[in-house]
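Text of coords-v3.cif, listed as mmCIF, C-alpha atoms and all ligand atoms:
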data_target
#
loop_
_atom_site.group_PDB
_atom_site.id
_atom_site.type_symbol
_atom_site.label_atom_id
_atom_site.label_comp_id
_atom_site.auth_asym_id
_atom_site.auth_seq_id
_atom_site.Cartn_x
_atom_site.Cartn_y
_atom_site.Cartn_z
ATOM 1 C CA MET A 9 14.346 50.047 54.253
ATOM 2 C CA SER A 10 17.692 49.886 56.030
ATOM 3 C CA SER A 11 17.786 48.923 59.698
ATOM 4 C CA ALA A 12 18.958 52.448 60.533
ATOM 5 C CA ASP A 13 15.489 53.775 59.587
ATOM 6 C CA VAL A 14 13.552 51.453 61.863
ATOM 7 C CA ARG A 15 13.180 51.525 65.622
ATOM 8 C CA LEU A 16 13.892 47.992 66.763
ATOM 9 C CA ILE A 17 11.964 46.845 69.790
ATOM 10 C CA LEU A 18 13.876 43.572 70.069
ATOM 11 C CA GLU A 19 17.171 42.514 68.591
ATOM 12 C CA LEU A 20 19.237 39.362 69.016
ATOM 13 C CA ARG A 21 22.812 39.443 67.776
ATOM 14 C CA GLY A 22 24.455 36.052 67.412
ATOM 15 C CA VAL A 23 22.808 34.653 70.522
ATOM 16 C CA THR A 24 23.763 31.237 71.844
ATOM 17 C CA SER A 25 22.123 29.756 74.935
ATOM 18 C CA GLY A 26 21.248 26.464 76.554
ATOM 19 C CA TYR A 27 21.279 24.489 79.751
ATOM 20 C CA GLY A 28 24.650 23.717 81.338
ATOM 21 C CA GLU A 29 26.749 21.932 78.739
ATOM 22 C CA LYS A 30 23.802 21.607 76.368
ATOM 23 C CA THR A 31 23.676 24.298 73.687
ATOM 24 C CA VAL A 32 20.166 24.791 72.318
ATOM 25 C CA VAL A 33 19.949 28.174 70.577
ATOM 26 C CA ARG A 34 22.872 28.598 68.210
ATOM 27 C CA ASN A 35 24.212 31.923 66.975
ATOM 28 C CA LEU A 36 20.740 33.285 66.360
ATOM 29 C CA SER A 37 20.249 36.806 65.002
ATOM 30 C CA LEU A 38 16.879 38.442 64.581
ATOM 31 C CA THR A 39 15.245 41.855 64.646
ATOM 32 C CA LEU A 40 11.701 42.948 65.410
ATOM 33 C CA PRO A 41 10.611 46.512 64.615
ATOM 34 C CA ALA A 42 8.368 48.452 67.010
ATOM 35 C CA GLY A 43 4.779 47.322 66.486
ATOM 36 C CA GLY A 44 5.891 44.360 64.348
ATOM 37 C CA SER A 45 4.696 40.826 64.797
ATOM 38 C CA LEU A 46 6.722 37.689 64.302
ATOM 39 C CA ALA A 47 5.579 34.071 64.274
ATOM 40 C CA VAL A 48 8.205 31.645 65.557
ATOM 41 C CA LEU A 49 7.455 28.164 64.308
ATOM 42 C CA GLY A 50 9.284 24.862 64.376
ATOM 43 C CA PRO A 51 9.097 21.276 65.546
ATOM 44 C CA ASN A 52 9.004 20.195 69.194
ATOM 45 C CA GLY A 53 12.383 20.498 70.828
ATOM 46 C CA ALA A 54 13.603 23.015 68.228
ATOM 47 C CA GLY A 55 14.504 25.573 70.875
ATOM 48 C CA LYS A 56 11.536 27.950 70.593
ATOM 49 C CA THR A 57 10.867 28.105 74.337
ATOM 50 C CA THR A 58 14.596 28.395 75.003
ATOM 51 C CA PHE A 59 14.741 31.311 72.551
ATOM 52 C CA LEU A 60 11.898 33.125 74.367
ATOM 53 C CA LYS A 61 13.502 32.492 77.769
ATOM 54 C CA THR A 62 16.742 33.956 76.466
ATOM 55 C CA CYS A 63 14.885 37.080 75.357
ATOM 56 C CA SER A 64 13.142 37.527 78.707
ATOM 57 C CA GLY A 65 16.169 36.689 80.853
ATOM 58 C CA LEU A 66 14.914 33.439 82.406
ATOM 59 C CA LEU A 67 18.016 32.091 80.665
ATOM 60 C CA LYS A 68 21.163 34.115 80.049
ATOM 61 C CA ALA A 69 22.832 34.040 76.634
ATOM 62 C CA THR A 70 26.212 32.309 76.777
ATOM 63 C CA SER A 71 27.327 34.515 73.881
ATOM 64 C CA GLY A 72 25.863 37.256 71.725
ATOM 65 C CA GLN A 73 23.640 40.166 72.726
ATOM 66 C CA VAL A 74 19.971 40.805 73.453
ATOM 67 C CA LEU A 75 18.660 44.368 73.016
ATOM 68 C CA ILE A 76 15.228 45.667 74.023
ATOM 69 C CA ASP A 77 14.291 49.000 72.454
ATOM 70 C CA GLY A 78 17.961 49.698 71.801
ATOM 71 C CA GLN A 79 19.091 48.866 75.329
ATOM 72 C CA ASP A 80 21.598 46.031 75.782
ATOM 73 C CA VAL A 81 19.946 43.764 78.375
ATOM 74 C CA THR A 82 22.144 40.698 77.821
ATOM 75 C CA ARG A 83 23.322 40.686 81.446
ATOM 76 C CA LYS A 84 20.127 42.200 82.905
ATOM 77 C CA SER A 85 17.560 40.435 85.084
ATOM 78 C CA THR A 86 14.043 39.451 84.022
ATOM 79 C CA HIS A 87 12.789 42.348 86.148
ATOM 80 C CA ASP A 88 14.952 44.873 84.283
ATOM 81 C CA ARG A 89 13.696 43.459 80.986
ATOM 82 C CA VAL A 90 10.089 43.937 82.131
ATOM 83 C CA LYS A 91 10.980 47.544 82.950
ATOM 84 C CA ALA A 92 12.483 47.898 79.464
ATOM 85 C CA GLY A 93 9.067 46.935 78.037
ATOM 86 C CA LEU A 94 9.122 43.180 77.564
ATOM 87 C CA CYS A 95 6.334 40.848 78.698
ATOM 88 C CA HIS A 96 6.813 37.073 78.481
ATOM 89 C CA ILE A 97 3.763 34.820 78.736
ATOM 90 C CA PRO A 98 5.479 31.512 79.383
ATOM 91 C CA ASP A 99 4.346 27.961 78.994
ATOM 92 C CA PRO A 100 3.104 26.445 81.258
ATOM 93 C CA ARG A 101 0.681 29.167 82.271
ATOM 94 C CA GLY A 102 2.303 31.897 84.300
ATOM 95 C CA ILE A 103 -0.352 32.357 86.954
ATOM 96 C CA PHE A 104 -0.649 31.669 90.678
ATOM 97 C CA PRO A 105 -3.228 28.853 90.862
ATOM 98 C CA SER A 106 -3.904 29.145 94.598
ATOM 99 C CA LEU A 107 -4.726 32.871 94.417
ATOM 100 C CA THR A 108 -7.972 34.359 93.143
ATOM 101 C CA VAL A 109 -8.294 35.900 89.691
ATOM 102 C CA LYS A 110 -8.386 39.345 91.275
ATOM 103 C CA GLU A 111 -5.250 38.676 93.325
ATOM 104 C CA ASN A 112 -3.474 37.420 90.207
ATOM 105 C CA LEU A 113 -4.414 40.590 88.326
ATOM 106 C CA ILE A 114 -3.234 42.782 91.196
ATOM 107 C CA LEU A 115 0.134 41.006 91.176
ATOM 108 C CA GLN A 116 0.412 41.470 87.408
ATOM 109 C CA ALA A 117 -0.523 45.156 87.538
ATOM 110 C CA PRO A 118 1.987 47.980 87.333
ATOM 111 C CA ARG A 119 2.550 49.761 90.658
ATOM 112 C CA GLY A 120 -0.537 51.750 91.650
ATOM 113 C CA GLY A 121 -2.520 50.368 88.744
ATOM 114 C CA ALA A 122 -4.483 47.539 90.357
ATOM 115 C CA SER A 123 -8.009 48.740 89.711
ATOM 116 C CA ALA A 124 -7.192 49.852 86.153
ATOM 117 C CA ALA A 125 -5.654 46.415 85.533
ATOM 118 C CA ILE A 126 -8.779 44.626 86.748
ATOM 119 C CA GLU A 127 -10.937 46.812 84.495
ATOM 120 C CA LYS A 128 -8.719 46.226 81.472
ATOM 121 C CA ALA A 129 -8.630 42.469 82.006
ATOM 122 C CA ALA A 130 -12.403 42.309 82.408
ATOM 123 C CA ALA A 131 -12.892 44.405 79.263
ATOM 124 C CA ALA A 132 -10.593 42.151 77.207
ATOM 125 C CA PHE A 133 -11.988 38.916 78.674
ATOM 126 C CA PRO A 134 -15.466 39.338 80.231
ATOM 127 C CA ARG A 135 -15.239 35.788 81.545
ATOM 128 C CA LEU A 136 -12.417 36.890 83.827
ATOM 129 C CA GLY A 137 -14.481 39.817 85.055
ATOM 130 C CA GLN A 138 -17.186 37.370 86.132
ATOM 131 C CA ARG A 139 -14.699 35.240 88.047
ATOM 132 C CA LEU A 140 -12.680 37.755 90.037
ATOM 133 C CA THR A 141 -13.167 35.971 93.356
ATOM 134 C CA GLN A 142 -12.625 32.465 91.981
ATOM 135 C CA THR A 143 -9.394 30.627 92.807
ATOM 136 C CA ALA A 144 -7.445 30.725 89.542
ATOM 137 C CA GLY A 145 -6.447 27.054 89.638
ATOM 138 C CA THR A 146 -10.099 25.961 89.695
ATOM 139 C CA MET A 147 -10.925 27.670 86.381
ATOM 140 C CA SER A 148 -10.884 25.825 83.066
ATOM 141 C CA GLY A 149 -7.628 25.655 81.130
ATOM 142 C CA GLY A 150 -8.884 28.273 78.699
ATOM 143 C CA GLU A 151 -9.879 30.681 81.444
ATOM 144 C CA GLN A 152 -6.488 30.229 83.098
ATOM 145 C CA GLN A 153 -4.839 30.977 79.784
ATOM 146 C CA MET A 154 -6.924 34.160 79.446
ATOM 147 C CA LEU A 155 -5.703 35.217 82.870
ATOM 148 C CA ALA A 156 -2.111 34.559 81.804
ATOM 149 C CA VAL A 157 -2.546 36.422 78.508
ATOM 150 C CA ALA A 158 -4.289 39.378 80.197
ATOM 151 C CA ARG A 159 -0.899 40.336 81.631
ATOM 152 C CA SER A 160 0.221 41.305 78.118
ATOM 153 C CA TYR A 161 -2.459 43.999 78.129
ATOM 154 C CA ILE A 162 -2.409 45.332 81.656
ATOM 155 C CA GLN A 163 1.369 45.796 81.921
ATOM 156 C CA ASN A 164 1.467 48.131 78.891
ATOM 157 C CA PRO A 165 4.523 46.423 77.396
ATOM 158 C CA LYS A 166 6.246 47.323 74.125
ATOM 159 C CA VAL A 167 6.759 43.712 73.116
ATOM 160 C CA VAL A 168 4.962 40.544 74.196
ATOM 161 C CA LEU A 169 6.368 37.024 73.856
ATOM 162 C CA LEU A 170 3.711 34.303 73.807
ATOM 163 C CA ASP A 171 4.636 30.646 74.171
ATOM 164 C CA GLU A 172 1.997 28.337 72.676
ATOM 165 C CA VAL A 173 -0.933 30.124 74.277
ATOM 166 C CA SER A 174 -3.395 27.972 72.339
ATOM 167 C CA MET A 175 -2.053 24.689 73.666
ATOM 168 C CA GLY A 176 -4.752 22.312 74.859
ATOM 169 C CA LEU A 177 -7.592 24.802 74.417
ATOM 170 C CA ALA A 178 -10.963 24.299 72.738
ATOM 171 C CA PRO A 179 -11.204 25.988 69.313
ATOM 172 C CA ASN A 180 -13.635 28.695 70.488
ATOM 173 C CA LEU A 181 -11.206 29.726 73.237
ATOM 174 C CA VAL A 182 -8.315 29.716 70.783
ATOM 175 C CA ASP A 183 -10.404 32.039 68.597
ATOM 176 C CA GLU A 184 -11.063 34.314 71.539
ATOM 177 C CA ILE A 185 -7.380 34.508 72.460
ATOM 178 C CA PHE A 186 -6.268 35.137 68.859
ATOM 179 C CA THR A 187 -8.915 37.845 68.468
ATOM 180 C CA PHE A 188 -7.512 39.454 71.597
ATOM 181 C CA LEU A 189 -3.946 39.200 70.249
ATOM 182 C CA ALA A 190 -4.991 40.853 66.977
ATOM 183 C CA THR A 191 -6.530 43.697 68.996
ATOM 184 C CA LEU A 192 -3.375 43.975 71.094
ATOM 185 C CA LYS A 193 -1.303 44.163 67.917
ATOM 186 C CA ASP A 194 -3.568 46.930 66.590
ATOM 187 C CA THR A 195 -2.728 49.002 69.662
ATOM 188 C CA GLY A 196 0.902 49.033 68.462
ATOM 189 C CA VAL A 197 2.362 46.395 70.761
ATOM 190 C CA ALA A 198 4.973 44.165 69.076
ATOM 191 C CA LEU A 199 4.337 40.426 69.304
ATOM 192 C CA ILE A 200 6.422 37.281 69.086
ATOM 193 C CA VAL A 201 4.120 34.308 68.845
ATOM 194 C CA VAL A 202 5.375 30.752 69.271
ATOM 195 C CA GLU A 203 2.581 28.547 68.029
ATOM 196 C CA GLN A 204 1.741 25.063 66.784
ATOM 197 C CA PHE A 205 -1.239 26.320 64.752
ATOM 198 C CA VAL A 206 0.745 27.466 61.722
ATOM 199 C CA HIS A 207 -2.171 29.065 59.872
ATOM 200 C CA ARG A 208 -3.255 31.080 62.899
ATOM 201 C CA ALA A 209 0.282 32.261 63.566
ATOM 202 C CA LEU A 210 0.794 33.285 59.924
ATOM 203 C CA ALA A 211 -2.525 35.144 59.880
ATOM 204 C CA LEU A 212 -1.612 37.124 63.003
ATOM 205 C CA SER A 213 1.988 37.972 62.103
ATOM 206 C CA ASP A 214 3.804 40.193 59.601
ATOM 207 C CA SER A 215 6.852 37.943 59.495
ATOM 208 C CA VAL A 216 7.795 34.392 60.245
ATOM 209 C CA VAL A 217 10.850 32.387 61.192
ATOM 210 C CA VAL A 218 11.110 28.631 61.360
ATOM 211 C CA ILE A 219 13.550 27.397 63.973
ATOM 212 C CA ALA A 220 14.872 23.857 64.006
ATOM 213 C CA ARG A 221 17.763 22.620 66.125
ATOM 214 C CA GLY A 222 18.229 26.087 67.512
ATOM 215 C CA THR A 223 18.891 27.812 64.188
ATOM 216 C CA ILE A 224 16.711 29.731 61.762
ATOM 217 C CA ARG A 225 15.797 27.586 58.763
ATOM 218 C CA LEU A 226 13.477 29.970 56.985
ATOM 219 C CA SER A 227 12.498 33.592 57.395
ATOM 220 C CA GLY A 228 10.411 36.106 55.522
ATOM 221 C CA ARG A 229 7.062 37.794 55.331
ATOM 222 C CA SER A 230 4.193 35.679 56.605
ATOM 223 C CA ASP A 231 2.181 36.147 53.422
ATOM 224 C CA GLU A 232 5.044 34.667 51.356
ATOM 225 C CA PHE A 233 4.615 31.187 52.786
ATOM 226 C CA GLY A 234 1.968 28.499 52.931
ATOM 227 C CA GLU A 235 1.754 25.779 55.531
ATOM 228 C CA ASP A 236 3.462 23.264 53.233
ATOM 229 C CA GLU A 237 6.601 25.361 52.868
ATOM 230 C CA ILE A 238 6.669 25.934 56.611
ATOM 231 C CA PHE A 239 6.475 22.214 57.360
ATOM 232 C CA ASP A 240 9.153 21.499 54.733
ATOM 233 C CA ALA A 241 11.410 23.887 56.610
ATOM 234 C CA TYR A 242 10.766 21.967 59.850
ATOM 235 C CA ALA A 243 12.494 18.974 58.299
ATOM 236 C CA GLY A 244 15.155 20.714 56.166
ATOM 237 C CA THR A 245 18.871 21.061 56.790
ATOM 238 C CA ALA A 246 19.850 24.011 58.936
ATOM 239 C CA PRO A 247 22.413 26.541 57.772
ATOM 240 C CA GLN A 248 24.398 27.438 60.912
ATOM 241 C CA GLY A 249 23.998 30.943 62.227
ATOM 242 C CA ALA A 250 21.288 32.043 59.842
ATOM 243 C CA SER A 251 19.717 35.378 60.668
ATOM 244 C CA ALA A 252 16.390 37.066 60.210
ATOM 245 C CA HIS A 253 15.822 40.783 59.899
ATOM 246 C CA VAL A 254 12.120 41.212 59.513
HETATM 247 N N1 LIG B 1 15.461 22.932 81.608
HETATM 248 C C1 LIG B 1 16.089 22.223 80.646
HETATM 249 N N2 LIG B 1 17.229 21.548 80.894
HETATM 250 C C2 LIG B 1 17.870 20.861 79.930
HETATM 251 N N3 LIG B 1 17.440 20.768 78.646
HETATM 252 C C3 LIG B 1 16.305 21.414 78.338
HETATM 253 C C4 LIG B 1 15.563 22.178 79.300
HETATM 254 N N4 LIG B 1 14.481 22.714 78.684
HETATM 255 C C5 LIG B 1 14.545 22.317 77.402
HETATM 256 N N5 LIG B 1 15.629 21.526 77.186
HETATM 257 C C6 LIG B 1 16.036 20.937 75.921
HETATM 258 O O1 LIG B 1 16.287 21.968 74.991
HETATM 259 C C7 LIG B 1 15.847 21.602 73.694
HETATM 260 C C8 LIG B 1 14.886 22.665 73.184
HETATM 261 O O2 LIG B 1 13.748 22.703 74.026
HETATM 262 P P1 LIG B 1 12.640 23.845 73.912
HETATM 263 O O3 LIG B 1 13.312 25.163 73.833
HETATM 264 O O4 LIG B 1 11.694 23.610 75.013
HETATM 265 O O5 LIG B 1 12.005 23.493 72.489
HETATM 266 P P2 LIG B 1 10.582 23.892 71.871
HETATM 267 O O6 LIG B 1 10.000 24.946 72.727
HETATM 268 O O7 LIG B 1 10.915 24.335 70.484
HETATM 269 O O8 LIG B 1 9.773 22.634 71.862
HETATM 270 C C9 LIG B 1 15.221 20.219 73.826
HETATM 271 O O9 LIG B 1 16.190 19.280 73.448
HETATM 272 C C10 LIG B 1 14.914 20.123 75.303
HETATM 273 O O10 LIG B 1 14.967 18.786 75.727
HETATM 274 MG MG MG B 2 8.233 25.069 73.764
#
Please rewrite the model in this file as structure tokens.
Amino acid sequence: MSSADVRLILELRGVTSGYGEKTVVRNLSLTLPAGGSLAVLGPNGAGKTTFLKTCSGLLKATSGQVLIDGQDVTRKSTHDRVKAGLCHIPDPRGIFPSLTVKENLILQAPRGGASAAIEKAAAAFPRLGQRLTQTAGTMSGGEQQMLAVARSYIQNPKVVLLDEVSMGLAPNLVDEIFTFLATLKDTGVALIVVEQFVHRALALSDSVVVIARGTIRLSGRSDEFGEDEIFDAYAGTAPQGASAHV
């Protein structure tokens, strides 16, 4: 299928970004169709978080373009990118620890949608529903992560970027969060999942890219690759400016 046939929810065209003089993401091109899901894998320090920040606007690209649902947002704020349909669940957890669960959900909710947001969050994660008056920072790490991830449901985004949401969590909580993400995907929301658990990320996603040193080392359909090939790509030699159209 040519790219002209597919509605792209996210597109990066030759994006370079970094911190001051330090270039991290290098000439990266990638497309994600509406409702698609992409696993972004790679070793620590590869630039995965930097890539997500560049998509959501926490970092501005120093060259290249970022498009959300066909709209060029390269120079737009994080707020404008949320309005365009993007939701970034950052690492560390993007919650307000000193506020209650309920207050966090109200802040995450679209305008006028506070009570609907609380209902949706409690339906997705009953544990959150039982803890609405608890101060968020006093919950377990897994419960805090559920609160962070709930935003991807209650804001009705078109594409959700998740940065290592399983980090530091007990396996049963990781299961619960991945089950939720699979359900979210089934509702037609596009996902980009940065993850250390390669097998879980491959199982959730349609496509995969491996990033190392800020460039794409491998890309394709998730069912084409096993964990061994993925880890080989972590250590391989990067072609500069590789692109992925998935
Ligand atoms: N705020 C920052 N300032 C300067 N360098 C940073 C900053 N954040 C990350 N880096 C550097 O950018 C590179 C990529 O980091 P990151 O995107 O966090 O990688 P990953 O998420 O793949 O582990 C690393 O060398 C890291 O040290
Ligand atoms: Mg990271």
Give the residues close to ligand LIG 1 (chain B), within 6 Å, counting only C-alpha atoms and all ligand atoms; write them as a PyMOL selection string.
-> chain A and resi 27+32+52-58
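The coordinates place atom CA of A:Leu212 at 7.7 Å from atom CA of A:Phe186.
Take the candidates A:Asp240, A:Glu203, A:Asp214, A:Glu29 and check each one against ligand MG 2 (chain B) using all atoms listed in the file; the shortest distance goes to A:Glu203.
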List the residues selected by the PyMOL selection byres (((chain A and resi 158) around 12) and not hetatm) in the file shown, writing them as a compact mmCIF listing (two decimals) with C-alpha atoms, keeping the file's coordinate frame.
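Output file out.txt is given in full below:
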# COMPACT_ATOMS: atom_id res chain seq x y z
CA CYS A 95 6.33 40.85 78.70
CA HIS A 96 6.81 37.07 78.48
CA ILE A 97 3.76 34.82 78.74
CA ARG A 101 0.68 29.17 82.27
CA GLY A 102 2.30 31.90 84.30
CA ILE A 103 -0.35 32.36 86.95
CA VAL A 109 -8.29 35.90 89.69
CA LYS A 110 -8.39 39.34 91.28
CA ASN A 112 -3.47 37.42 90.21
CA LEU A 113 -4.41 40.59 88.33
CA ILE A 114 -3.23 42.78 91.20
CA LEU A 115 0.13 41.01 91.18
CA GLN A 116 0.41 41.47 87.41
CA ALA A 117 -0.52 45.16 87.54
CA ALA A 125 -5.65 46.42 85.53
CA ILE A 126 -8.78 44.63 86.75
CA GLU A 127 -10.94 46.81 84.50
CA LYS A 128 -8.72 46.23 81.47
CA ALA A 129 -8.63 42.47 82.01
CA ALA A 130 -12.40 42.31 82.41
CA ALA A 131 -12.89 44.40 79.26
CA ALA A 132 -10.59 42.15 77.21
CA PHE A 133 -11.99 38.92 78.67
CA PRO A 134 -15.47 39.34 80.23
CA ARG A 135 -15.24 35.79 81.54
CA LEU A 136 -12.42 36.89 83.83
CA GLY A 137 -14.48 39.82 85.06
CA GLU A 151 -9.88 30.68 81.44
CA GLN A 152 -6.49 30.23 83.10
CA GLN A 153 -4.84 30.98 79.78
CA MET A 154 -6.92 34.16 79.45
CA LEU A 155 -5.70 35.22 82.87
CA ALA A 156 -2.11 34.56 81.80
CA VAL A 157 -2.55 36.42 78.51
CA ARG A 159 -0.90 40.34 81.63
CA SER A 160 0.22 41.30 78.12
CA TYR A 161 -2.46 44.00 78.13
CA ILE A 162 -2.41 45.33 81.66
CA GLN A 163 1.37 45.80 81.92
CA ASN A 164 1.47 48.13 78.89
CA PRO A 165 4.52 46.42 77.40
CA VAL A 168 4.96 40.54 74.20
CA LEU A 170 3.71 34.30 73.81
CA VAL A 173 -0.93 30.12 74.28
CA ILE A 185 -7.38 34.51 72.46
CA PHE A 188 -7.51 39.45 71.60
CA LEU A 189 -3.95 39.20 70.25
CA LEU A 192 -3.38 43.98 71.09
Expanded to explicit residues, what is the PyMOL selection byres (((chain A and resi 61-78) around 6) and not hetatm) for this file, as a ChimeraX atom specification?
-> /A:16-25,58-60,79-82,85-86
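Within a radius of 12 Å around (0.9, 30.8, 55.1), the polymer residues are Ala47, Leu49, Phe205, Val206, His207, Arg208, Ala209, Leu210, Ala211, Leu212, Ser213, Asp214, Ser215, Val216, Val217, Gly228, Arg229, Ser230, Asp231, Glu232, Phe233, Gly234, Glu235, Asp236, Glu237, Ile238 and Phe239 of chain A, counting all atoms listed in the file.
Atom CA of A:Leu46 sits 6.2 Å away from atom CA of A:Leu199.
Going from atom CA of A:Gly196 over to atom CA of A:Ile224, you cover 25.8 Å.
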For ligand MG 2 (chain B), which residue out of A:Asn180, A:Ser106, A:Gln138, A:Gln204 is the nearest one, using all atoms listed in the file?
-> A:Gln204
Expanded to explicit residues, what is the PyMOL selection byres (((chain A and resi 141) around 9) and not hetatm) for this file, as a list in words?
-> Thr108, Val109, Lys110, Glu111, Gln138, Arg139, Leu140, Gln142, Thr143 and Ala144 of chain A
Find the residues with any atom within 8 Å of (2.7, 46.2, 66.2); use all atoms listed in the file and the coordinates as given in the file, and write the answer as a count of residues only.
-> 11
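Distances from A:Val90, A:Ala241, A:Ala122, A:Met147 to A:Phe104 were compared using all atoms listed in the file, and the smallest one belongs to A:Met147.
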Name the closest residue to ligand MG 2 (chain B) among the candidates A:Pro100, A:Gly28, A:Pro41, A:Pro179; distances are taken between atoms, counting all atoms listed in the file.
-> A:Pro100
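The residue that comes closest to A:Leu226, out of A:Gly50, A:Gly93, A:Gly26, A:Gly121 and on the basis of all atoms listed in the file, is A:Gly50.
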Given all atoms listed in the file as the counted atoms, nearest of A:Val202, A:Arg15, A:Ala220, A:Gly150 to A:Val182 = A:Gly150
Take every atom of stretch 141-159 of chain A listed in the file, pad by 8 Å on each side, and give me the axis-aligned box centre and edge lengths in Å, one decimal, as lines of an AutoDock Vina configuration file.
center_x = -7.0
center_y = 33.0
center_z = 85.9
size_x = 28.3
size_y = 30.7
size_z = 30.8
